[in-house]
>>> print(open('upload.pdb').read())   # PDB, C-alpha atoms
ATOM      1  CA  MET A   3     -16.029   3.430   4.633
ATOM      2  CA  PRO A   4     -12.364   3.449   3.466
ATOM      3  CA  ARG A   5     -11.317   6.347   1.315
ATOM      4  CA  PRO A   6     -10.434   5.475  -2.294
ATOM      5  CA  PRO A   7      -6.646   5.445  -2.706
ATOM      6  CA  ARG A   8      -4.978   8.413  -4.333
ATOM      7  CA  PRO A   9      -1.571   7.963  -5.965
ATOM      8  CA  LEU A  10       1.530   9.422  -4.368
ATOM      9  CA  ASP A  11       4.260  10.985  -6.456
ATOM     10  CA  PRO A  12       7.139   8.522  -7.017
ATOM     11  CA  ALA A  13       9.655  10.185  -4.697
ATOM     12  CA  ARG A  14       7.261  10.405  -1.736
ATOM     13  CA  SER A  15       5.992   6.909  -2.418
ATOM     14  CA  GLN A  16       9.506   5.472  -2.371
ATOM     15  CA  ARG A  17      10.387   7.332   0.828
ATOM     16  CA  LEU A  18       7.260   6.040   2.560
ATOM     17  CA  LEU A  19       7.914   2.514   1.294
ATOM     18  CA  VAL A  20      11.457   2.489   2.668
ATOM     19  CA  VAL A  21      10.615   4.037   6.040
ATOM     20  CA  ALA A  22       7.491   1.947   6.619
ATOM     21  CA  GLY A  23       9.276  -1.220   5.521
ATOM     22  CA  GLU A  24      12.173  -0.586   7.907
ATOM     23  CA  THR A  25       9.796   0.116  10.787
ATOM     24  CA  PHE A  26       7.549  -2.883  10.212
ATOM     25  CA  ALA A  27      10.624  -5.086   9.813
ATOM     26  CA  ALA A  28      12.240  -3.865  13.011
ATOM     27  CA  ASP A  29       9.193  -3.527  15.268
ATOM     28  CA  GLY A  30       6.528  -5.794  13.813
ATOM     29  CA  PHE A  31       3.063  -4.620  12.828
ATOM     30  CA  GLU A  32       1.551  -4.168  16.287
ATOM     31  CA  ALA A  33       4.472  -2.273  17.824
ATOM     32  CA  ALA A  34       5.195  -0.103  14.791
ATOM     33  CA  SER A  35       4.237   3.526  15.354
ATOM     34  CA  LEU A  36       2.334   5.132  12.509
ATOM     35  CA  ASN A  37       3.226   8.557  13.860
ATOM     36  CA  ASP A  38       6.913   7.647  13.774
ATOM     37  CA  ILE A  39       6.633   6.346  10.221
ATOM     38  CA  LEU A  40       4.910   9.512   9.015
ATOM     39  CA  SER A  41       7.404  11.736  10.815
ATOM     40  CA  ARG A  42      10.407   9.958   9.319
ATOM     41  CA  ALA A  43       8.791   9.864   5.886
ATOM     42  CA  GLY A  44       7.989  13.576   6.048
ATOM     43  CA  MET A  45       4.280  12.994   5.432
ATOM     44  CA  GLY A  46       1.385  14.697   7.158
ATOM     45  CA  LYS A  47      -1.571  12.740   8.490
ATOM     46  CA  SER A  48      -3.989  14.367   6.090
ATOM     47  CA  SER A  49      -1.866  13.316   3.117
ATOM     48  CA  PHE A  50      -1.554   9.820   4.533
ATOM     49  CA  TYR A  51      -5.286   9.343   5.083
ATOM     50  CA  HIS A  52      -6.039  10.484   1.540
ATOM     51  CA  ARG A  53      -4.089   7.417   0.386
ATOM     52  CA  PHE A  54      -4.485   4.839   3.159
ATOM     53  CA  ALA A  55      -7.345   3.906   5.461
ATOM     54  CA  ASP A  56      -5.076   3.020   8.388
ATOM     55  CA  LYS A  57      -1.822   1.320   9.444
ATOM     56  CA  THR A  58      -3.129  -2.036   8.236
ATOM     57  CA  ALA A  59      -3.602  -0.672   4.722
ATOM     58  CA  LEU A  60      -0.079   0.743   4.806
ATOM     59  CA  HIS A  61       1.376  -2.597   5.903
ATOM     60  CA  ASP A  62      -0.555  -4.351   3.115
ATOM     61  CA  TRP A  63       0.715  -1.851   0.537
ATOM     62  CA  VAL A  64       4.325  -2.276   1.657
ATOM     63  CA  ALA A  65       4.054  -6.074   1.517
ATOM     64  CA  ARG A  66       2.413  -6.090  -1.926
ATOM     65  CA  THR A  67       4.746  -3.496  -3.423
ATOM     66  CA  MET A  68       7.922  -5.143  -2.185
ATOM     67  CA  ALA A  69       6.780  -8.645  -3.091
ATOM     68  CA  ASP A  70       5.821  -7.572  -6.624
ATOM     69  CA  ALA A  71       9.190  -5.850  -7.096
ATOM     70  CA  ILE A  72      11.129  -8.874  -5.855
ATOM     71  CA  VAL A  73       9.221 -11.362  -8.008
ATOM     72  CA  THR A  74       9.730  -9.166 -11.074
ATOM     73  CA  GLU A  75      13.451  -8.831 -10.450
ATOM     74  CA  ILE A  76      14.343 -12.422  -9.546
ATOM     75  CA  ARG A  77      12.326 -14.089 -12.348
ATOM     76  CA  VAL A  78      10.987 -17.216 -10.661
ATOM     77  CA  PRO A  79      11.401 -20.225 -12.993
ATOM     78  CA  ASP A  80       8.486 -22.299 -14.250
ATOM     79  CA  LEU A  81       8.850 -25.551 -12.327
ATOM     80  CA  GLU A  82       7.246 -27.628 -15.079
ATOM     81  CA  THR A  83      10.052 -26.701 -17.491
ATOM     82  CA  LEU A  84      12.795 -27.982 -15.184
ATOM     83  CA  SER A  85      14.599 -31.238 -15.869
ATOM     84  CA  ALA A  86      16.718 -33.414 -13.606
ATOM     85  CA  ALA A  87      19.805 -31.702 -15.038
ATOM     86  CA  SER A  88      18.483 -28.142 -14.740
ATOM     87  CA  PHE A  89      16.624 -28.357 -11.411
ATOM     88  CA  ARG A  90      19.424 -27.451  -9.007
ATOM     89  CA  PRO A  91      21.225 -25.015 -11.371
ATOM     90  CA  GLU A  92      17.991 -23.120 -12.032
ATOM     91  CA  LEU A  93      17.072 -22.848  -8.351
ATOM     92  CA  THR A  94      20.650 -21.936  -7.433
ATOM     93  CA  ALA A  95      20.534 -19.206 -10.082
ATOM     94  CA  LEU A  96      17.269 -17.988  -8.538
ATOM     95  CA  LEU A  97      18.966 -17.645  -5.150
ATOM     96  CA  ASP A  98      21.921 -15.890  -6.786
ATOM     97  CA  ARG A  99      19.567 -13.363  -8.394
ATOM     98  CA  PHE A 100      17.959 -12.792  -5.011
ATOM     99  CA  GLN A 101      21.359 -12.111  -3.425
ATOM    100  CA  ARG A 102      22.256  -9.660  -6.180
ATOM    101  CA  LEU A 103      18.920  -7.915  -5.687
ATOM    102  CA  ALA A 104      19.597  -7.692  -1.946
ATOM    103  CA  ALA A 105      22.869  -5.907  -2.690
ATOM    104  CA  ALA A 106      21.367  -3.614  -5.336
ATOM    105  CA  ARG A 107      18.095  -2.770  -3.560
ATOM    106  CA  PRO A 108      18.586  -3.409   0.153
ATOM    107  CA  GLU A 109      15.371  -1.557   1.005
ATOM    108  CA  LEU A 110      13.388  -4.482  -0.397
ATOM    109  CA  MET A 111      14.942  -6.820   2.151
ATOM    110  CA  SER A 112      12.668  -5.377   4.830
ATOM    111  CA  LEU A 113      10.059  -7.735   3.409
ATOM    112  CA  GLY A 114      12.097 -10.676   4.682
ATOM    113  CA  LEU A 115      11.823  -9.583   8.302
ATOM    114  CA  MET A 116       8.166  -8.635   7.793
ATOM    115  CA  PHE A 117       7.694 -12.181   6.467
ATOM    116  CA  HIS A 118       9.297 -13.640   9.579
ATOM    117  CA  ASN A 119       7.526 -11.464  12.141
ATOM    118  CA  SER A 120       4.052 -11.848  10.606
ATOM    119  CA  ALA A 121       3.473 -15.584  10.973
ATOM    120  CA  ASP A 122       0.231 -14.925  12.854
ATOM    121  CA  ALA A 123      -1.198 -12.390  10.402
ATOM    122  CA  PRO A 124      -4.851 -13.021   9.431
ATOM    123  CA  PRO A 125      -5.231 -14.754   6.050
ATOM    124  CA  GLU A 126      -6.758 -11.712   4.398
ATOM    125  CA  ARG A 127      -3.640  -9.626   5.025
ATOM    126  CA  ALA A 128      -1.187  -9.092   2.169
ATOM    127  CA  ILE A 129       1.781 -10.458   4.122
ATOM    128  CA  ALA A 130      -0.179 -13.644   4.864
ATOM    129  CA  ARG A 131      -0.812 -14.082   1.145
ATOM    130  CA  VAL A 132       2.899 -13.518   0.477
ATOM    131  CA  ARG A 133       3.764 -16.157   3.078
ATOM    132  CA  SER A 134       1.239 -18.590   1.634
ATOM    133  CA  GLY A 135       2.562 -18.070  -1.873
ATOM    134  CA  VAL A 136       6.149 -18.689  -0.805
ATOM    135  CA  MET A 137       5.249 -21.805   1.195
ATOM    136  CA  THR A 138       3.171 -23.187  -1.667
ATOM    137  CA  TRP A 139       5.941 -22.587  -4.198
ATOM    138  CA  ILE A 140       8.536 -24.320  -2.004
ATOM    139  CA  ALA A 141       6.243 -27.341  -1.583
ATOM    140  CA  GLU A 142       5.632 -27.465  -5.342
ATOM    141  CA  ALA A 143       9.371 -27.153  -6.064
ATOM    142  CA  LEU A 144      10.126 -30.048  -3.734
ATOM    143  CA  GLN A 145       7.391 -32.136  -5.355
ATOM    144  CA  ARG A 146       8.817 -31.375  -8.794
ATOM    145  CA  GLY A 147      12.249 -32.385  -7.558
ATOM    146  CA  ARG A 148      10.860 -35.657  -6.235
ATOM    147  CA  GLU A 149       9.224 -36.343  -9.604
ATOM    148  CA  LEU A 150      12.575 -35.736 -11.301
ATOM    149  CA  GLY A 151      14.444 -37.946  -8.841
ATOM    150  CA  VAL A 152      16.707 -35.179  -7.549
ATOM    151  CA  ILE A 153      14.964 -34.606  -4.191
ATOM    152  CA  ARG A 154      14.704 -37.391  -1.631
ATOM    153  CA  SER A 155      11.433 -39.302  -1.560
ATOM    154  CA  ASP A 156      11.996 -41.316   1.632
ATOM    155  CA  LEU A 157      10.299 -38.680   3.800
ATOM    156  CA  PRO A 158       6.628 -37.633   3.783
ATOM    157  CA  PRO A 159       6.093 -34.583   1.534
ATOM    158  CA  ALA A 160       4.660 -32.495   4.389
ATOM    159  CA  LEU A 161       7.636 -33.218   6.628
ATOM    160  CA  LEU A 162      10.101 -32.495   3.826
ATOM    161  CA  SER A 163       8.372 -29.205   3.065
ATOM    162  CA  GLU A 164       8.220 -28.080   6.697
ATOM    163  CA  TRP A 165      11.851 -29.067   7.230
ATOM    164  CA  THR A 166      12.957 -27.150   4.135
ATOM    165  CA  VAL A 167      10.935 -24.060   5.060
ATOM    166  CA  ALA A 168      12.340 -24.109   8.607
ATOM    167  CA  SER A 169      15.892 -24.416   7.271
ATOM    168  CA  LEU A 170      15.455 -21.640   4.717
ATOM    169  CA  THR A 171      13.789 -19.442   7.330
ATOM    170  CA  THR A 172      16.715 -19.904   9.713
ATOM    171  CA  ILE A 173      19.258 -19.148   6.993
ATOM    172  CA  ASP A 174      17.330 -16.125   5.751
ATOM    173  CA  ARG A 175      16.733 -14.680   9.219
ATOM    174  CA  TRP A 176      20.430 -15.029  10.008
ATOM    175  CA  ALA A 177      21.452 -13.422   6.712
ATOM    176  CA  LEU A 178      19.112 -10.488   7.352
ATOM    177  CA  THR A 179      20.230  -9.825  10.921
ATOM    178  CA  ALA A 180      23.826 -11.027  11.354
ATOM    179  CA  ASP A 181      26.300  -8.322  12.329
ATOM    180  CA  THR A 182      28.839  -9.205   9.648
ATOM    181  CA  PRO A 183      29.783  -7.632   6.294
ATOM    182  CA  VAL A 184      27.311  -8.240   3.481
ATOM    183  CA  ALA A 185      29.775 -10.285   1.409
ATOM    184  CA  ALA A 186      30.599 -12.527   4.361
ATOM    185  CA  ARG A 187      26.915 -13.027   5.128
ATOM    186  CA  ALA A 188      26.231 -13.970   1.508
ATOM    187  CA  ALA A 189      29.090 -16.481   1.484
ATOM    188  CA  THR A 190      27.949 -18.080   4.727
ATOM    189  CA  ALA A 191      24.340 -18.243   3.559
ATOM    190  CA  ALA A 192      25.483 -19.861   0.293
ATOM    191  CA  ALA A 193      27.426 -22.488   2.259
ATOM    192  CA  ALA A 194      24.354 -23.186   4.384
ATOM    193  CA  ILE A 195      22.220 -23.541   1.246
ATOM    194  CA  ASP A 196      24.753 -26.008  -0.187
ATOM    195  CA  ALA A 197      24.490 -28.034   3.028
ATOM    196  CA  LEU A 198      20.698 -28.017   2.704
ATOM    197  CA  TRP A 199      20.941 -29.232  -0.893
ATOM    198  CA  SER A 200      23.031 -32.169   0.342
ATOM    199  CA  LEU A 201      20.392 -33.065   2.910
ATOM    200  CA  LEU A 202      17.606 -32.819   0.330
ATOM    201  CA  ALA A 203      19.357 -35.046  -2.187
ATOM    202  CA  PRO A 204      18.295 -38.697  -2.472
ATOM    203  CA  PRO A 205      20.210 -40.822   0.065
ATOM    204  CA  ASN A 206      21.963 -42.790  -2.692
ATOM    205  CA  ALA A 207      23.024 -39.690  -4.643
ATOM    206  CA  THR A 208      26.736 -39.397  -5.278
TER
END
>>> encode(input="upload.pdb", output="structure tokens")
Amino acid sequence: MPRPPRPLDPARSQRLLVVAGETFAADGFEAASLNDILSRAGMGKSSFYHRFADKTALHDWVARTMADAIVTEIRVPDLETLSAASFRPELTALLDRFQRLAAARPELMSLGLMFHNSADAPPERAIARVRSGVMTWIAEALQRGRELGVIRSDLPPALLSEWTVASLTTIDRWALTADTPVAARAATAAAAIDALWSLLAPPNAT
């Protein structure tokens, strides 16, 4: 039976979050070494097992904690409040807030690579729920854009959603891993997002 979680002090919790996030992002869940994480975080096994049942619980905690922090910081807009005039500016502002967060709290960006390397995670895992939430929100945003007439409606919704997710995934993975200065990566990613917006616009849009 799993042990009930016991809180860590803030400094140790943050250190474990950063180290575990970096390791899971770089190595994936299966290949990540719990012993290496604990060694780098300066945490003994007894302390770890008072808080977590196993490596799976740690991975779930990292995913939940980082996702909650990101959502709080970037302030996701309510899609139902968007108008044809505000749709693109509001979503562009959302991406801008995400880029500023990436610069201010780079440790949270480990979640992006965890997102990308956990596509096969079981549905009960925290990262799978994060992935599902992101995919659902993108599909709902595209549907809202179609209703407002600012997103093309000549393609099936499922195809449009999968195409958009694949494009955003490619851009995000590149931005997280490219060996270029942060500012240059941000500028290139912004240009790629602009190109995606053009492709998503109705064919007769000027």
>>> resolve_selection(input="upload.pdb", expression="the PyMOL selection byres ((chain A and resi 108-119) around 7)", output="number ranges by chain")
A: 20, 23-24, 26-27, 30, 65, 68, 104-107, 120-121, 129, 133
>>> atom_distance(input="upload.pdb", atom1="atom CA of A:Met45", atom2="atom CA of A:Leu60")
13.0 Å
>>> resolve_selection(input="upload.pdb", expression="the PyMOL selection byres ((chain A and resi 73-88) around 8)", output="MDAnalysis selection string")
chainID A and resid 69:72 89:93 96 99:100 103 142:143 146:147 150:152
>>> resolve_selection(input="upload.pdb", expression="the PyMOL selection byres ((chain A and resi 58) around 10)", output="PyMOL selection string")
chain A and resi 31-32+36+54-57+59-64+127-128
>>> atom_distance(input="upload.pdb", atom1="atom CA of A:Ala203", atom2="atom CA of A:Ile173")
18.4 Å
>>> residues_around(input="upload.pdb", residues="A:Ala141", least_positions_apart="5", cutoff="12 Å", atoms="all atoms listed in the file", output="ChimeraX atom specification")
/A:81,134-136,146-148,153,158-167
>>> atom_distance(input="upload.pdb", atom1="atom CA of A:Trp176", atom2="atom CA of A:Asp196")
15.6 Å
>>> closest_residue(input="upload.pdb", among="A:Pro204, A:Arg14, A:Ser49, A:Asp29", to="A:Ser155", atoms="only C-alpha atoms")
A:Pro204
>>> closest_residue(input="upload.pdb", among="A:Ala123, A:Ala197, A:Ala13, A:Leu40", to="A:Ser169", atoms="all atoms listed in the file")
A:Ala197
>>> decode(input="upload.pdb", residues="stretch 93-135 of chain A", atoms="N, CA and C atoms", output="compact mmCIF listing (two decimals), in the first residue's frame")
# COMPACT_ATOMS: atom_id res chain seq x y z
N LEU A 93 -4.80 34.79 -28.45
CA LEU A 93 -3.99 33.58 -28.49
C LEU A 93 -2.52 33.90 -28.73
N THR A 94 -2.25 34.96 -29.49
CA THR A 94 -0.87 35.41 -29.67
C THR A 94 -0.30 35.90 -28.33
N ALA A 95 -1.12 36.62 -27.57
CA ALA A 95 -0.69 37.09 -26.26
C ALA A 95 -0.41 35.91 -25.33
N LEU A 96 -1.22 34.85 -25.45
CA LEU A 96 -0.99 33.65 -24.65
C LEU A 96 0.38 33.05 -24.96
N LEU A 97 0.72 32.96 -26.24
CA LEU A 97 2.02 32.43 -26.62
C LEU A 97 3.15 33.35 -26.16
N ASP A 98 2.91 34.65 -26.20
CA ASP A 98 3.93 35.60 -25.71
C ASP A 98 4.16 35.41 -24.22
N ARG A 99 3.09 35.20 -23.46
CA ARG A 99 3.25 34.98 -22.02
C ARG A 99 4.02 33.69 -21.76
N PHE A 100 3.77 32.69 -22.59
CA PHE A 100 4.49 31.43 -22.44
C PHE A 100 5.97 31.63 -22.71
N GLN A 101 6.32 32.41 -23.73
CA GLN A 101 7.73 32.67 -24.03
C GLN A 101 8.41 33.45 -22.91
N ARG A 102 7.69 34.41 -22.33
CA ARG A 102 8.27 35.15 -21.21
C ARG A 102 8.47 34.24 -20.00
N LEU A 103 7.52 33.34 -19.78
CA LEU A 103 7.67 32.38 -18.68
C LEU A 103 8.87 31.48 -18.92
N ALA A 104 9.07 31.05 -20.17
CA ALA A 104 10.22 30.20 -20.49
C ALA A 104 11.53 30.90 -20.17
N ALA A 105 11.58 32.20 -20.40
CA ALA A 105 12.80 32.96 -20.09
C ALA A 105 12.97 33.17 -18.59
N ALA A 106 11.85 33.40 -17.89
CA ALA A 106 11.91 33.68 -16.46
C ALA A 106 12.08 32.44 -15.61
N ARG A 107 11.45 31.33 -16.03
CA ARG A 107 11.50 30.09 -15.25
C ARG A 107 11.82 28.92 -16.18
N PRO A 108 13.04 28.86 -16.67
CA PRO A 108 13.39 27.83 -17.65
C PRO A 108 13.23 26.41 -17.12
N GLU A 109 13.26 26.23 -15.79
CA GLU A 109 13.13 24.88 -15.25
C GLU A 109 11.77 24.27 -15.58
N LEU A 110 10.76 25.12 -15.78
CA LEU A 110 9.43 24.60 -16.10
C LEU A 110 9.35 24.05 -17.52
N MET A 111 10.31 24.42 -18.35
CA MET A 111 10.27 23.98 -19.74
C MET A 111 10.60 22.50 -19.90
N SER A 112 11.09 21.88 -18.83
CA SER A 112 11.28 20.42 -18.89
C SER A 112 9.97 19.71 -19.18
N LEU A 113 8.86 20.32 -18.78
CA LEU A 113 7.57 19.69 -19.02
C LEU A 113 7.31 19.52 -20.51
N GLY A 114 7.82 20.45 -21.33
CA GLY A 114 7.63 20.34 -22.76
C GLY A 114 8.22 19.07 -23.32
N LEU A 115 9.45 18.76 -22.95
CA LEU A 115 10.09 17.54 -23.44
C LEU A 115 9.46 16.30 -22.80
N MET A 116 9.02 16.40 -21.55
CA MET A 116 8.28 15.28 -20.95
C MET A 116 6.99 15.04 -21.72
N PHE A 117 6.34 16.13 -22.13
CA PHE A 117 5.12 16.04 -22.95
C PHE A 117 5.41 15.27 -24.24
N HIS A 118 6.52 15.61 -24.88
CA HIS A 118 6.83 15.02 -26.17
C HIS A 118 7.31 13.56 -26.07
N ASN A 119 7.99 13.23 -24.97
CA ASN A 119 8.52 11.87 -24.89
C ASN A 119 7.62 10.91 -24.11
N SER A 120 6.38 11.36 -23.84
CA SER A 120 5.45 10.52 -23.06
C SER A 120 4.16 10.25 -23.82
N ALA A 121 4.24 10.21 -25.14
CA ALA A 121 3.02 10.01 -25.94
C ALA A 121 2.35 8.67 -25.64
N ASP A 122 3.13 7.69 -25.19
CA ASP A 122 2.57 6.36 -24.94
C ASP A 122 2.25 6.11 -23.46
N ALA A 123 2.26 7.16 -22.65
CA ALA A 123 1.98 6.99 -21.23
C ALA A 123 0.55 6.51 -21.02
N PRO A 124 0.32 5.61 -20.07
CA PRO A 124 -1.04 5.13 -19.78
C PRO A 124 -1.94 6.31 -19.40
N PRO A 125 -3.24 6.20 -19.67
CA PRO A 125 -4.15 7.33 -19.45
C PRO A 125 -4.26 7.78 -18.00
N GLU A 126 -3.94 6.90 -17.07
CA GLU A 126 -4.05 7.31 -15.67
C GLU A 126 -2.86 8.14 -15.19
N ARG A 127 -1.82 8.21 -15.99
CA ARG A 127 -0.64 8.97 -15.59
C ARG A 127 -0.88 10.47 -15.74
N ALA A 128 -0.22 11.25 -14.88
CA ALA A 128 -0.43 12.70 -14.89
C ALA A 128 -0.04 13.33 -16.21
N ILE A 129 1.05 12.88 -16.81
CA ILE A 129 1.50 13.46 -18.08
C ILE A 129 0.50 13.17 -19.18
N ALA A 130 -0.16 12.01 -19.13
CA ALA A 130 -1.19 11.69 -20.12
C ALA A 130 -2.38 12.63 -19.97
N ARG A 131 -2.73 12.96 -18.72
CA ARG A 131 -3.83 13.90 -18.51
C ARG A 131 -3.45 15.30 -18.97
N VAL A 132 -2.17 15.67 -18.78
CA VAL A 132 -1.70 16.96 -19.29
C VAL A 132 -1.81 16.99 -20.82
N ARG A 133 -1.35 15.92 -21.46
CA ARG A 133 -1.41 15.83 -22.92
C ARG A 133 -2.86 15.92 -23.40
N SER A 134 -3.74 15.18 -22.75
CA SER A 134 -5.14 15.18 -23.14
C SER A 134 -5.76 16.56 -22.99
N GLY A 135 -5.42 17.23 -21.90
CA GLY A 135 -5.95 18.57 -21.68
C GLY A 135 -5.49 19.56 -22.74
